[in-house]
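Taking it in order: structure first as structure tokens, then the write-up.
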Amino acid sequence: MLFRSQNLETVFSGAVDPFFRAQANVIFQIDSGGASRVEVEEAFAETTSLPGNFQVRAGQFLADFGRINTQHPHAWNFVDAPLASTRLLGGDGLRGLGARVSWLVPTPFYSELFLGVQNSQGETAFSFRNEHDGALFAGRRNVNGNLRSAADLLFTPRYQASFDLTDTQTLIAGASAALGPNSSGSRARTEIFGADLFWKWKPENHSGGFPFVSWQTEALVRRYEAAAFSNAGDDLNSNGVIDGAEANLYGDGLIHSLPRETLTDYGFYSQLAWGFRKGWIAGLRGEWISGDRGRYESLLGALDKDRAERWRISPNLTWLPSEFSKLRLQYNYDDRRLIGVDHSVWLQFEFSLGAHAAHKF
């Protein structure tokens, strides 16, 4: 049994003047070892009165990629984030400093285009210019180089549209991409593509939003160009074996030369939420992720557990005594190739103080 503080989030938001509004989300976290840290999750300003249905945002913000990535943990329907999101976009989500322009397309239905340009460096740009805390990633040591041109930035285009199927049903569809360099070597790039759907039914005679049924699904694909790499160095003995512990990356004292290759990973999740009576929601999520075997795995003689096949089933039950508090019970059946099956049970309590803005539909 383990107690964990997932997030203590403070939100500041308001109008700056007639032309801008601003928001900041500051996170206080306590890890399993009891250490505390403060993190600025988002801090941005955005325009409110540009002509032509345009809006510009600047600062630190979550990239507009799919549905889950733009949501803060308190808005999730489950205790944890989907596997595809955490493996391909990172455990903290894809975010960074930059700017974003959006255009509300003049169509009979809701239709919006987004283009974000952000820094591609750091742990919140997980699949891009991220040194992975000095650990090997795809069998290689990753080292960030200098920012040379605009091509070294992270670009995130997205299109989203919404349709009223009936008076009681709404469908939202979106397509996203994240394009930028990675830190495996010179001219190595990462491309991530995603598609998402959200459907919701709510009767005309609902009370406080209940009853309802919603379905949400996302599929992601990542193409990671891994540069050629070798752990050969100057500290070799007469037998060609590495003497220096620092250069002995693979623990066998041998030289390994890895070719340039493109690694493909892919996954999806699909989840249902049923608000069967006021304040009560039952949920079920199924998900799967895997990847093509890389040549580096064959050369090193071991499968990469961080890219191996994994699937998970998660039923849960949520009770909302009011709009300011939440209790959630969740079970995870987690099958990880090379590791085995894990069973976990989570009891989550969440509360909020003060007024807060409505969440995205």
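How things are named: the first chain in the structure tokens is A, the next is B, and so on; residues count from 1 in each chain; ligands count from 1 in the order shown.
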Original post:
Leaving out Phe198 (chain A) and any residue of its chain fewer than 5 positions from it, which residues lie within 8 Å of it when counting only C-alpha atoms, given as a ChimeraX atom specification?
Top reply: /A:171-173,214-217
Subject >> Selection near region 84-89 of chain A, 8 Å with only C-alpha atoms, sequence-local residues under 4 positions removed, as a ChimeraX atom specification >> reply: /A:68-69,93-94,125-127,192,219-220,222,265-269,287-289
Original post:
Using only C-alpha atoms, which residue out of A:His72, A:Arg189, A:His256, A:Arg4 lies closest to Gln348 (chain A)?
Top reply: A:Arg4
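Within the 12 Å cut-off around Gly354 (chain A), using only C-alpha atoms and omitting residues fewer than 2 positions from it on the same chain, the listed residues are Thr10, Val11, Phe12, Glu323, Phe324, Ser325, Phe351, Ser352, His356 and Ala357 of chain A.
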Dump of C-alpha atoms for the selected residues, as a PDB file, in the first residue's frame:
```pdb
ATOM      1  CA  THR A  10      -2.881  26.290  -7.977  1.00  0.00           C
ATOM      2  CA  VAL A  11      -4.539  28.110 -10.873  1.00  0.00           C
ATOM      3  CA  PHE A  12      -4.307  31.833 -11.502  1.00  0.00           C
ATOM      4  CA  GLU A 323     -18.694  19.815  -8.214  1.00  0.00           C
ATOM      5  CA  PHE A 324     -15.826  20.573  -5.794  1.00  0.00           C
ATOM      6  CA  SER A 325     -14.942  17.041  -4.636  1.00  0.00           C
ATOM      7  CA  PHE A 351     -11.053  18.465  -4.042  1.00  0.00           C
ATOM      8  CA  SER A 352     -10.913  22.043  -5.260  1.00  0.00           C
ATOM      9  CA  HIS A 356     -12.658  27.455 -11.393  1.00  0.00           C
ATOM     10  CA  ALA A 357     -13.233  27.709 -15.130  1.00  0.00           C
TER      11      ALA A 357
END
```
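Of the residues under consideration (A:Ser149, A:Ser230, A:Ser5, A:Asn25), A:Ser230 shows the shortest atom-to-atom contact distance to Asn248 (chain A) when counting only C-alpha atoms.
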**OP:** Mind listing the strand (DSSP E or B) residues of region 163-298 of chain A, per DSSP on the backbone, as a PyMOL selection string?
**Re:** chain A and resi 163-164+169-181+189-201+207+210+212-226+229-230+236+242+257-258+261-277+280-291
Subject >> Option closest in space to Leu104 (chain A), from A:Asn53, A:Gln118, A:Gln169, A:Ser290 [counting only C-alpha atoms] >> reply: A:Asn53
Subject >> Residues within 12 Å of Leu136 (chain A), only C-alpha atoms, excluding chain neighbours under 3 positions, as a PyMOL selection string >> reply: chain A and resi 130-133+139-143+183-184+226+229+231+248-250+296+304+306
Just the residues within 8 Å of Val345 (chain A), please, counting only C-alpha atoms, with nothing from its chain fewer than 6 positions along; format it as a PDB file with N, CA, C and O atoms, in the first residue's frame.
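Result file follows (around-v1.pdb):
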```pdb
ATOM      1  N   LEU A 329     -12.555   4.973  -7.356  1.00  0.00           N
ATOM      2  CA  LEU A 329     -11.969   3.657  -7.121  1.00  0.00           C
ATOM      3  C   LEU A 329     -11.678   3.036  -8.484  1.00  0.00           C
ATOM      4  O   LEU A 329     -12.570   2.951  -9.331  1.00  0.00           O
ATOM      5  N   GLN A 330     -10.432   2.597  -8.697  1.00  0.00           N
ATOM      6  CA  GLN A 330     -10.026   2.074 -10.007  1.00  0.00           C
ATOM      7  C   GLN A 330      -9.155   0.844  -9.840  1.00  0.00           C
ATOM      8  O   GLN A 330      -8.319   0.765  -8.935  1.00  0.00           O
ATOM      9  N   TYR A 331      -9.349  -0.110 -10.756  1.00  0.00           N
ATOM     10  CA  TYR A 331      -8.524  -1.318 -10.802  1.00  0.00           C
ATOM     11  C   TYR A 331      -7.818  -1.370 -12.163  1.00  0.00           C
ATOM     12  O   TYR A 331      -8.437  -1.085 -13.198  1.00  0.00           O
ATOM     13  N   ASN A 332      -6.540  -1.719 -12.169  1.00  0.00           N
ATOM     14  CA  ASN A 332      -5.768  -1.880 -13.397  1.00  0.00           C
ATOM     15  C   ASN A 332      -5.278  -3.317 -13.525  1.00  0.00           C
ATOM     16  O   ASN A 332      -4.633  -3.830 -12.608  1.00  0.00           O
TER      17      ASN A 332
END
```
